[in-house]
>>> print(open('run_9.pdb').read())   # PDB, C-alpha atoms
ATOM      1  CA  MET A1198       0.000   0.000   0.000
ATOM      2  CA  LYS A1199       1.431   3.335  -1.086
ATOM      3  CA  LYS A1200       1.855   6.012   1.573
ATOM      4  CA  LEU A1201       1.923   9.734   0.877
ATOM      5  CA  THR A1202       3.027  12.374   3.376
ATOM      6  CA  ILE A1203       1.142  15.572   2.652
ATOM      7  CA  ASP A1204       0.998  18.590   4.938
ATOM      8  CA  ARG A1205       2.562  16.387   7.639
ATOM      9  CA  HIS A1206      -0.260  13.850   7.367
ATOM     10  CA  ILE A1207       0.337  10.278   6.239
ATOM     11  CA  ILE A1208      -2.297   9.023   3.789
ATOM     12  CA  GLU A1209      -2.358   5.376   2.778
ATOM     13  CA  ILE A1210      -3.474   5.047  -0.839
ATOM     14  CA  SER A1211      -5.427   1.820  -1.200
ATOM     15  CA  ASN A1212      -6.085  -0.089  -4.437
ATOM     16  CA  GLU A1213      -4.200   2.499  -6.465
ATOM     17  CA  ASP A1214      -4.156   0.206  -9.511
ATOM     18  CA  LYS A1215      -7.943  -0.226  -9.588
ATOM     19  CA  VAL A1216      -9.209   1.061 -12.930
ATOM     20  CA  PHE A1217     -11.750   3.855 -12.459
ATOM     21  CA  PHE A1218     -12.147   4.901 -16.117
ATOM     22  CA  PRO A1219     -12.005   1.646 -18.116
ATOM     23  CA  GLU A1220     -12.103   3.173 -21.599
ATOM     24  CA  ASP A1221      -9.240   5.509 -20.748
ATOM     25  CA  LYS A1222      -7.244   3.153 -18.517
ATOM     26  CA  ILE A1223      -7.232   5.737 -15.734
ATOM     27  CA  SER A1224      -6.721   4.253 -12.290
ATOM     28  CA  LYS A1225      -7.559   5.373  -8.797
ATOM     29  CA  GLY A1226      -3.887   6.200  -8.354
ATOM     30  CA  ASP A1227      -4.073   8.460 -11.411
ATOM     31  CA  LEU A1228      -7.070  10.249  -9.849
ATOM     32  CA  VAL A1229      -5.147  10.793  -6.610
ATOM     33  CA  GLU A1230      -2.184  12.166  -8.553
ATOM     34  CA  TYR A1231      -4.468  14.495 -10.493
ATOM     35  CA  TYR A1232      -5.957  16.050  -7.378
ATOM     36  CA  LEU A1233      -2.527  16.404  -5.807
ATOM     37  CA  LYS A1234      -1.277  18.184  -8.918
ATOM     38  CA  ILE A1235      -4.352  20.434  -9.356
ATOM     39  CA  ALA A1236      -4.576  21.276  -5.629
ATOM     40  CA  LYS A1237      -3.155  24.802  -5.875
ATOM     41  CA  THR A1238      -5.721  25.691  -8.539
ATOM     42  CA  ILE A1239      -8.809  23.959  -7.146
ATOM     43  CA  LEU A1240      -8.500  24.630  -3.414
ATOM     44  CA  PRO A1241      -9.421  28.355  -3.530
ATOM     45  CA  TYR A1242     -12.821  27.310  -4.930
ATOM     46  CA  MET A1243     -13.366  24.839  -2.094
ATOM     47  CA  LYS A1244     -12.108  26.939   0.813
ATOM     48  CA  ASP A1245     -14.508  26.986   3.769
ATOM     49  CA  ARG A1246     -17.368  25.503   1.720
ATOM     50  CA  PRO A1247     -19.241  22.415   2.913
ATOM     51  CA  ILE A1248     -18.832  19.685   0.333
ATOM     52  CA  THR A1249     -20.752  16.686  -0.928
ATOM     53  CA  MET A1250     -18.685  13.746  -2.114
ATOM     54  CA  HIS A1251     -19.751  11.842  -5.246
ATOM     55  CA  ARG A1252     -18.073   8.499  -4.626
ATOM     56  CA  PHE A1253     -17.441   5.632  -7.054
ATOM     57  CA  PRO A1254     -15.823   2.753  -5.128
ATOM     58  CA  GLU A1255     -15.685   0.532  -8.231
ATOM     59  CA  GLY A1256     -15.066   3.264 -10.775
ATOM     60  CA  ILE A1257     -17.466   4.987 -13.159
ATOM     61  CA  LYS A1258     -19.021   1.738 -14.382
ATOM     62  CA  GLY A1259     -19.994   0.678 -10.868
ATOM     63  CA  ASP A1260     -22.511   1.916  -8.335
ATOM     64  CA  SER A1261     -22.033   5.410  -6.951
ATOM     65  CA  PHE A1262     -23.475   7.477  -4.134
ATOM     66  CA  TYR A1263     -23.511  11.026  -2.804
ATOM     67  CA  GLN A1264     -22.152  11.404   0.696
ATOM     68  CA  HIS A1265     -23.081  14.491   2.690
ATOM     69  CA  LYS A1266     -22.070  13.459   6.189
ATOM     70  CA  ALA A1267     -18.479  12.849   7.226
ATOM     71  CA  SER A1268     -17.904   9.177   8.065
ATOM     72  CA  ASP A1269     -17.039   8.231  11.629
ATOM     73  CA  TYR A1270     -13.789   6.656  10.450
ATOM     74  CA  PHE A1271     -12.501   9.821   8.791
ATOM     75  CA  PRO A1272      -9.240  10.924  10.498
ATOM     76  CA  GLY A1273      -9.373  13.531  13.208
ATOM     77  CA  TRP A1274      -7.220  15.978  11.267
ATOM     78  CA  LEU A1275      -9.930  16.466   8.617
ATOM     79  CA  LYS A1276     -11.641  19.808   9.140
ATOM     80  CA  LEU A1277     -15.374  19.380   9.759
ATOM     81  CA  SER A1278     -18.177  21.881  10.192
ATOM     82  CA  ARG A1279     -21.466  21.102  11.914
ATOM     83  CA  ILE A1280     -24.040  22.448   9.459
ATOM     84  CA  GLU A1281     -27.695  22.735  10.406
ATOM     85  CA  LYS A1282     -30.274  20.857   8.363
ATOM     86  CA  LYS A1283     -33.415  22.698   7.310
ATOM     87  CA  GLU A1284     -35.536  19.942   8.840
ATOM     88  CA  GLY A1285     -33.610  20.141  12.113
ATOM     89  CA  GLY A1286     -30.467  18.607  13.501
ATOM     90  CA  VAL A1287     -26.910  19.024  12.296
ATOM     91  CA  VAL A1288     -24.616  17.205   9.887
ATOM     92  CA  PRO A1289     -20.812  17.128  10.216
ATOM     93  CA  ARG A1290     -19.574  18.058   6.747
ATOM     94  CA  VAL A1291     -16.075  17.958   5.396
ATOM     95  CA  ILE A1292     -14.364  21.284   4.688
ATOM     96  CA  CYS A1293     -11.570  20.855   2.146
ATOM     97  CA  ASN A1294      -9.016  23.620   2.644
ATOM     98  CA  ASN A1295      -5.755  21.757   2.044
ATOM     99  CA  ARG A1296      -3.997  19.223  -0.174
ATOM    100  CA  ALA A1297      -4.116  16.438   2.392
ATOM    101  CA  THR A1298      -7.908  16.558   2.613
ATOM    102  CA  LEU A1299      -8.255  16.698  -1.167
ATOM    103  CA  VAL A1300      -6.043  13.638  -1.620
ATOM    104  CA  TYR A1301      -7.759  11.797   1.227
ATOM    105  CA  LEU A1302     -11.136  12.299  -0.453
ATOM    106  CA  ALA A1303      -9.771  11.077  -3.791
ATOM    107  CA  ASN A1304      -8.550   7.972  -1.984
ATOM    108  CA  GLN A1305     -12.130   7.523  -0.770
ATOM    109  CA  ALA A1306     -13.093   7.231  -4.462
ATOM    110  CA  CYS A1307     -14.578  10.708  -4.473
ATOM    111  CA  ILE A1308     -14.222  11.411  -8.174
ATOM    112  CA  THR A1309     -16.239  14.628  -8.033
ATOM    113  CA  PRO A1310     -16.394  16.955  -5.021
ATOM    114  CA  HIS A1311     -19.422  19.260  -5.106
ATOM    115  CA  THR A1312     -19.386  22.505  -3.135
ATOM    116  CA  TRP A1313     -22.006  24.715  -1.556
ATOM    117  CA  LEU A1314     -22.652  28.200  -2.942
ATOM    118  CA  SER A1315     -22.118  29.544   0.572
ATOM    119  CA  ARG A1316     -19.394  29.260   3.195
ATOM    120  CA  ARG A1317     -19.541  27.506   6.527
ATOM    121  CA  ASP A1318     -19.678  30.667   8.667
ATOM    122  CA  LYS A1319     -22.823  31.993   6.917
ATOM    123  CA  PRO A1320     -24.336  28.910   5.253
ATOM    124  CA  ASP A1321     -27.659  30.571   4.391
ATOM    125  CA  TYR A1322     -26.004  33.575   2.707
ATOM    126  CA  PRO A1323     -24.552  32.597  -0.689
ATOM    127  CA  ASP A1324     -21.612  34.383  -2.256
ATOM    128  CA  ARG A1325     -22.386  32.779  -5.620
ATOM    129  CA  MET A1326     -25.529  32.807  -7.749
ATOM    130  CA  ILE A1327     -25.718  30.130 -10.424
ATOM    131  CA  PHE A1328     -27.516  29.676 -13.722
ATOM    132  CA  ASP A1329     -27.189  26.098 -14.958
ATOM    133  CA  LEU A1330     -27.739  25.864 -18.718
ATOM    134  CA  ASP A1331     -29.022  22.373 -19.413
ATOM    135  CA  PRO A1332     -29.556  21.494 -23.093
ATOM    136  CA  PRO A1333     -31.944  18.752 -24.253
ATOM    137  CA  GLU A1334     -29.041  17.216 -26.156
ATOM    138  CA  ARG A1335     -25.278  17.731 -26.221
ATOM    139  CA  ASP A1336     -25.602  20.594 -28.694
ATOM    140  CA  PHE A1337     -22.964  23.079 -27.608
ATOM    141  CA  THR A1338     -23.917  25.578 -30.293
ATOM    142  CA  GLN A1339     -27.283  25.956 -28.591
ATOM    143  CA  ILE A1340     -25.609  26.226 -25.192
ATOM    144  CA  SER A1341     -23.108  28.907 -26.230
ATOM    145  CA  TRP A1342     -25.876  30.928 -27.909
ATOM    146  CA  ALA A1343     -28.066  30.835 -24.798
ATOM    147  CA  ALA A1344     -25.114  31.613 -22.529
ATOM    148  CA  GLU A1345     -24.324  34.741 -24.549
ATOM    149  CA  ILE A1346     -27.965  35.838 -24.448
ATOM    150  CA  LEU A1347     -28.139  35.450 -20.670
ATOM    151  CA  HIS A1348     -24.694  36.984 -20.196
ATOM    152  CA  GLU A1349     -25.601  40.062 -22.239
ATOM    153  CA  PHE A1350     -28.783  40.589 -20.228
ATOM    154  CA  LEU A1351     -27.037  40.227 -16.861
ATOM    155  CA  VAL A1352     -24.180  42.539 -17.844
ATOM    156  CA  LYS A1353     -25.794  45.201 -20.020
ATOM    157  CA  GLU A1354     -29.222  45.423 -18.397
ATOM    158  CA  LEU A1355     -28.482  44.524 -14.777
ATOM    159  CA  ASN A1356     -24.848  45.663 -14.559
ATOM    160  CA  LEU A1357     -23.588  42.405 -13.028
ATOM    161  CA  THR A1358     -20.246  40.704 -13.545
ATOM    162  CA  VAL A1359     -20.646  37.096 -14.684
ATOM    163  CA  PHE A1360     -18.265  34.157 -15.069
ATOM    164  CA  VAL A1361     -18.728  30.996 -17.137
ATOM    165  CA  MET A1362     -17.572  27.389 -16.847
ATOM    166  CA  THR A1363     -17.968  24.274 -18.950
ATOM    167  CA  THR A1364     -19.300  21.590 -16.614
ATOM    168  CA  GLY A1365     -17.504  18.544 -17.958
ATOM    169  CA  SER A1366     -20.935  17.009 -18.509
ATOM    170  CA  LYS A1367     -23.490  18.563 -20.909
ATOM    171  CA  GLY A1368     -23.772  22.283 -20.353
ATOM    172  CA  VAL A1369     -22.268  25.373 -18.788
ATOM    173  CA  HIS A1370     -22.664  27.208 -15.514
ATOM    174  CA  LEU A1371     -22.920  30.983 -15.302
ATOM    175  CA  ILE A1372     -21.764  32.269 -11.927
ATOM    176  CA  VAL A1373     -22.484  35.693 -10.450
ATOM    177  CA  PRO A1374     -20.282  36.462  -7.397
ATOM    178  CA  LEU A1375     -22.217  38.139  -4.592
ATOM    179  CA  ARG A1376     -21.806  40.074  -1.411
ATOM    180  CA  ARG A1377     -23.197  37.910   1.383
ATOM    181  CA  ASP A1378     -26.135  40.125   2.229
ATOM    182  CA  LYS A1379     -29.137  38.090   1.011
ATOM    183  CA  ARG A1380     -30.439  34.675   1.994
ATOM    184  CA  PHE A1381     -30.826  31.877  -0.509
ATOM    185  CA  ASP A1382     -34.573  32.361  -0.927
ATOM    186  CA  LYS A1383     -34.076  35.959  -2.088
ATOM    187  CA  VAL A1384     -31.231  35.034  -4.429
ATOM    188  CA  ARG A1385     -33.178  32.113  -5.897
ATOM    189  CA  SER A1386     -36.246  34.282  -6.450
ATOM    190  CA  PHE A1387     -34.171  36.867  -8.315
ATOM    191  CA  ALA A1388     -32.407  34.237 -10.420
ATOM    192  CA  GLN A1389     -35.705  32.616 -11.355
ATOM    193  CA  SER A1390     -37.184  35.976 -12.373
ATOM    194  CA  VAL A1391     -34.185  36.584 -14.636
ATOM    195  CA  ALA A1392     -34.479  33.117 -16.166
ATOM    196  CA  GLU A1393     -38.212  33.516 -16.786
ATOM    197  CA  PHE A1394     -37.782  36.917 -18.410
ATOM    198  CA  VAL A1395     -35.020  35.703 -20.742
ATOM    199  CA  ALA A1396     -37.014  32.572 -21.584
ATOM    200  CA  GLU A1397     -40.043  34.691 -22.488
ATOM    201  CA  GLN A1398     -37.973  36.462 -25.129
ATOM    202  CA  TYR A1399     -37.113  33.144 -26.829
ATOM    203  CA  PRO A1400     -40.026  30.823 -26.000
ATOM    204  CA  GLU A1401     -39.260  28.378 -28.812
ATOM    205  CA  ARG A1402     -35.662  27.811 -27.732
ATOM    206  CA  ILE A1403     -35.398  28.521 -23.981
ATOM    207  CA  THR A1404     -37.448  27.559 -20.942
ATOM    208  CA  ALA A1405     -37.109  28.440 -17.263
ATOM    209  CA  LYS A1406     -39.078  25.435 -16.070
ATOM    210  CA  ILE A1407     -39.893  21.979 -17.346
ATOM    211  CA  LYS A1408     -43.539  21.537 -18.227
ATOM    212  CA  LYS A1409     -45.337  18.293 -17.560
ATOM    213  CA  GLY A1410     -45.647  16.269 -20.695
ATOM    214  CA  GLU A1411     -42.810  18.057 -22.480
ATOM    215  CA  THR A1412     -41.210  14.838 -23.694
ATOM    216  CA  PRO A1413     -38.865  14.836 -25.421
ATOM    217  CA  ARG A1414     -37.610  18.190 -24.208
ATOM    218  CA  THR A1415     -36.569  20.365 -27.133
ATOM    219  CA  ARG A1416     -35.745  23.631 -25.378
ATOM    220  CA  LEU A1417     -32.701  24.574 -23.349
ATOM    221  CA  LEU A1418     -33.423  24.897 -19.634
ATOM    222  CA  ILE A1419     -32.076  27.762 -17.546
ATOM    223  CA  ASP A1420     -32.065  25.987 -14.212
ATOM    224  CA  THR A1421     -31.878  28.139 -11.075
ATOM    225  CA  SER A1422     -32.868  25.475  -8.538
ATOM    226  CA  ARG A1423     -29.320  25.111  -7.207
ATOM    227  CA  ASN A1424     -29.647  28.526  -5.562
ATOM    228  CA  ALA A1425     -30.884  26.969  -2.336
ATOM    229  CA  TYR A1426     -29.610  26.041   1.113
ATOM    230  CA  GLY A1427     -27.840  22.709   0.994
ATOM    231  CA  GLN A1428     -27.662  22.532  -2.797
ATOM    232  CA  THR A1429     -24.294  22.098  -4.442
ATOM    233  CA  THR A1430     -22.507  22.684  -7.719
ATOM    234  CA  VAL A1431     -19.571  20.924  -9.313
ATOM    235  CA  THR A1432     -16.282  22.385  -8.153
ATOM    236  CA  PRO A1433     -14.183  24.119 -10.831
ATOM    237  CA  TYR A1434     -11.430  21.742 -12.022
ATOM    238  CA  ALA A1435     -13.166  18.714 -10.504
ATOM    239  CA  VAL A1436     -13.192  15.508 -12.539
ATOM    240  CA  ARG A1437     -16.540  14.206 -13.814
ATOM    241  CA  ALA A1438     -17.386  10.508 -13.840
ATOM    242  CA  LYS A1439     -17.671  10.362 -17.620
ATOM    243  CA  PRO A1440     -15.624   8.605 -20.295
ATOM    244  CA  GLY A1441     -12.528  10.652 -21.045
ATOM    245  CA  ALA A1442     -12.346  11.922 -17.422
ATOM    246  CA  PRO A1443     -13.558  15.432 -18.362
ATOM    247  CA  VAL A1444     -12.943  18.337 -16.010
ATOM    248  CA  ALA A1445     -15.248  21.233 -15.124
ATOM    249  CA  THR A1446     -13.329  24.176 -16.574
ATOM    250  CA  PRO A1447     -13.656  27.955 -16.159
ATOM    251  CA  VAL A1448     -13.315  29.649 -19.554
ATOM    252  CA  HIS A1449     -13.138  33.183 -20.893
ATOM    253  CA  TRP A1450     -16.304  34.507 -22.508
ATOM    254  CA  ASP A1451     -14.746  34.844 -25.938
ATOM    255  CA  GLU A1452     -13.901  31.116 -25.870
ATOM    256  CA  LEU A1453     -17.590  30.241 -26.203
ATOM    257  CA  SER A1454     -17.454  31.253 -29.854
ATOM    258  CA  ASP A1455     -14.806  28.601 -30.556
ATOM    259  CA  ASP A1456     -16.384  25.875 -32.690
ATOM    260  CA  GLN A1457     -14.039  23.334 -31.104
ATOM    261  CA  LEU A1458     -15.205  24.015 -27.548
ATOM    262  CA  ASN A1459     -17.729  21.754 -25.864
ATOM    263  CA  ALA A1460     -18.724  20.853 -22.316
ATOM    264  CA  ARG A1461     -16.104  18.094 -22.187
ATOM    265  CA  SER A1462     -13.239  19.770 -24.027
ATOM    266  CA  TYR A1463     -10.896  19.589 -21.049
ATOM    267  CA  ASN A1464      -9.908  16.503 -19.118
ATOM    268  CA  MET A1465      -7.456  15.157 -16.555
ATOM    269  CA  THR A1466      -4.659  15.228 -19.111
ATOM    270  CA  ASN A1467      -5.000  18.384 -21.192
ATOM    271  CA  ILE A1468      -6.168  20.714 -18.404
ATOM    272  CA  PHE A1469      -2.565  21.222 -17.264
ATOM    273  CA  ARG A1470      -1.479  22.241 -20.742
ATOM    274  CA  ARG A1471      -4.300  24.783 -20.750
ATOM    275  CA  LEU A1472      -3.317  26.185 -17.339
ATOM    276  CA  ALA A1473       0.268  26.508 -18.518
ATOM    277  CA  GLN A1474      -0.886  28.603 -21.479
ATOM    278  CA  ILE A1475      -3.896  30.523 -20.097
ATOM    279  CA  GLU A1476      -4.322  32.025 -16.648
ATOM    280  CA  ASP A1477      -7.308  30.778 -14.690
ATOM    281  CA  PRO A1478     -10.256  32.916 -15.931
ATOM    282  CA  TRP A1479     -11.793  32.848 -12.456
ATOM    283  CA  GLN A1480      -8.717  33.774 -10.455
ATOM    284  CA  ASP A1481     -10.049  37.230  -9.510
ATOM    285  CA  MET A1482     -13.624  36.156  -8.805
ATOM    286  CA  SER A1483     -13.237  36.210  -5.024
ATOM    287  CA  GLU A1484     -12.419  39.924  -5.144
ATOM    288  CA  ILE A1485     -15.819  40.765  -6.666
ATOM    289  CA  LYS A1486     -18.625  41.241  -4.161
ATOM    290  CA  GLN A1487     -21.822  42.444  -5.811
ATOM    291  CA  THR A1488     -25.118  43.311  -4.248
ATOM    292  CA  LEU A1489     -28.380  42.501  -6.024
ATOM    293  CA  LYS A1490     -30.129  45.581  -4.680
ATOM    294  CA  HIS A1491     -29.800  47.707  -7.813
ATOM    295  CA  ALA A1492     -30.144  44.740 -10.168
ATOM    296  CA  GLU A1493     -33.465  43.803  -8.547
ATOM    297  CA  ARG A1494     -34.770  47.326  -9.092
ATOM    298  CA  LYS A1495     -33.631  47.353 -12.735
ATOM    299  CA  LEU A1496     -35.153  43.941 -13.364
ATOM    300  CA  GLN A1497     -38.482  45.029 -11.949
ATOM    301  CA  ASP A1498     -38.449  48.144 -14.127
ATOM    302  CA  ILE A1499     -37.727  46.040 -17.220
ATOM    303  CA  ILE A1500     -40.455  43.523 -16.429
ATOM    304  CA  THR A1501     -43.113  46.173 -15.807
ATOM    305  CA  THR A1502     -42.374  48.347 -18.845
TER
END
>>> encode(input="run_9.pdb", output="structure tokens")
Amino acid sequence: MKKLTIDRHIIEISNEDKVFFPEDKISKGDLVEYYLKIAKTILPYMKDRPITMHRFPEGIKGDSFYQHKASDYFPGWLKLSRIEKKEGGVVPRVICNNRATLVYLANQACITPHTWLSRRDKPDYPDRMIFDLDPPERDFTQISWAAEILHEFLVKELNLTVFVMTTGSKGVHLIVPLRRDKRFDKVRSFAQSVAEFVAEQYPERITAKIKKGETPRTRLLIDTSRNAYGQTTVTPYAVRAKPGAPVATPVHWDELSDDQLNARSYNMTNIFRRLAQIEDPWQDMSEIKQTLKHAERKLQDIITT
């Protein structure tokens, strides 16, 4: 059994040769090495955020499960935060602020860590608002078009700064950094109003909610449901449990017009070449703290005129 000493903690890497991505011959040991190598880039996006672990003990072809609560056997040096549940009680959740924790979770077959949109000290006050663009099919042309439409509205009409990320799955996430001055219910209500207004302008191509009986779905969904207490989003630079080991990747807005770009363009291998050539597009996000006060007023004026 391989042992790694990271941040003065000894982590025993078990079953490192077990194949997690059969088509790509990527092993559990490769996953551990990836997270160790990407740690400097990914950790700022995880800092002080409760996480949910998407675990695949037998790799992506086997059964998986989402784990919210820290296991009793987790080592004492892992940072935990007791987060209240809406229905009452508390759950000890892992806080991943260092390389040792990140590697330990990878060794637990956590292929994809998902993070809250809020931090542990003010869990009901998000510092991120998310718009999840979910296409009916993997048609990235439709996704990039809708992302530009939504981006233009948020920036030009509501004067908000917006970031974008390919998810490593099907779509993209638009992220609006926030000052922590509104609870989730207020943020979600605003996001849904924006989504509904944009969808009304393009009713044949965009929807803000799935209608019963709309099968197959033909319109792109602007999903705002993740803007809620306890909901999570894929962490930037996290690996997705898909063939090719794609990685959720922040991109610059002008990259969306690249015909070669899609939701799974970047993976465990080529992401490091990208980071060597292009600075992280989200590296300054934490410095932006926007209030929705003026944007709410502008949105209401637009809706009522």
>>> resolve_selection(input="run_9.pdb", expression="the PyMOL selection byres ((chain A and resi 1238) around 12)", output="number ranges by chain")
A: 1231-1237, 1239-1244, 1294-1296, 1299, 1432-1435, 1446-1447, 1468-1469, 1472-1473, 1476-1480
>>> closest_residue(input="run_9.pdb", among="A:Asp1329, A:Asp1324, A:Glu1255, A:Glu1281", to="A:Cys1307", atoms="only C-alpha atoms")
A:Glu1255
>>> closest_residue(input="run_9.pdb", among="A:Glu1334, A:Arg1380, A:Arg1437, A:Ile1372", to="A:Arg1252", atoms="only C-alpha atoms")
A:Arg1437
>>> atom_distance(input="run_9.pdb", atom1="atom CA of A:Leu1489", atom2="atom CA of A:Trp1450")
21.9 Å
>>> atom_distance(input="run_9.pdb", atom1="atom CA of A:Lys1490", atom2="atom CA of A:Thr1430")
24.3 Å
>>> closest_residue(input="run_9.pdb", among="A:Leu1201, A:Ile1210, A:Ile1485, A:Ala1392", to="A:Leu1357", atoms="all atoms listed in the file")
A:Ile1485
>>> residues_around(input="run_9.pdb", residues="A:Pro1272", least_positions_apart="2", cutoff="12 Å", atoms="all atoms listed in the file", output="number ranges by chain")
A: 1206-1209, 1267-1270, 1274-1277, 1291, 1297-1298, 1301-1302
>>> resolve_selection(input="run_9.pdb", expression="the PyMOL selection byres ((chain A and resi 1486) around 7)", output="CSV table (one decimal) with C-alpha atoms, in the coordinates of the input")
chain,number,residue,atom,x,y,z
A,1374,PRO,CA,-20.3,36.5,-7.4
A,1375,LEU,CA,-22.2,38.1,-4.6
A,1376,ARG,CA,-21.8,40.1,-1.4
A,1484,GLU,CA,-12.4,39.9,-5.1
A,1485,ILE,CA,-15.8,40.8,-6.7
A,1487,GLN,CA,-21.8,42.4,-5.8
A,1488,THR,CA,-25.1,43.3,-4.2
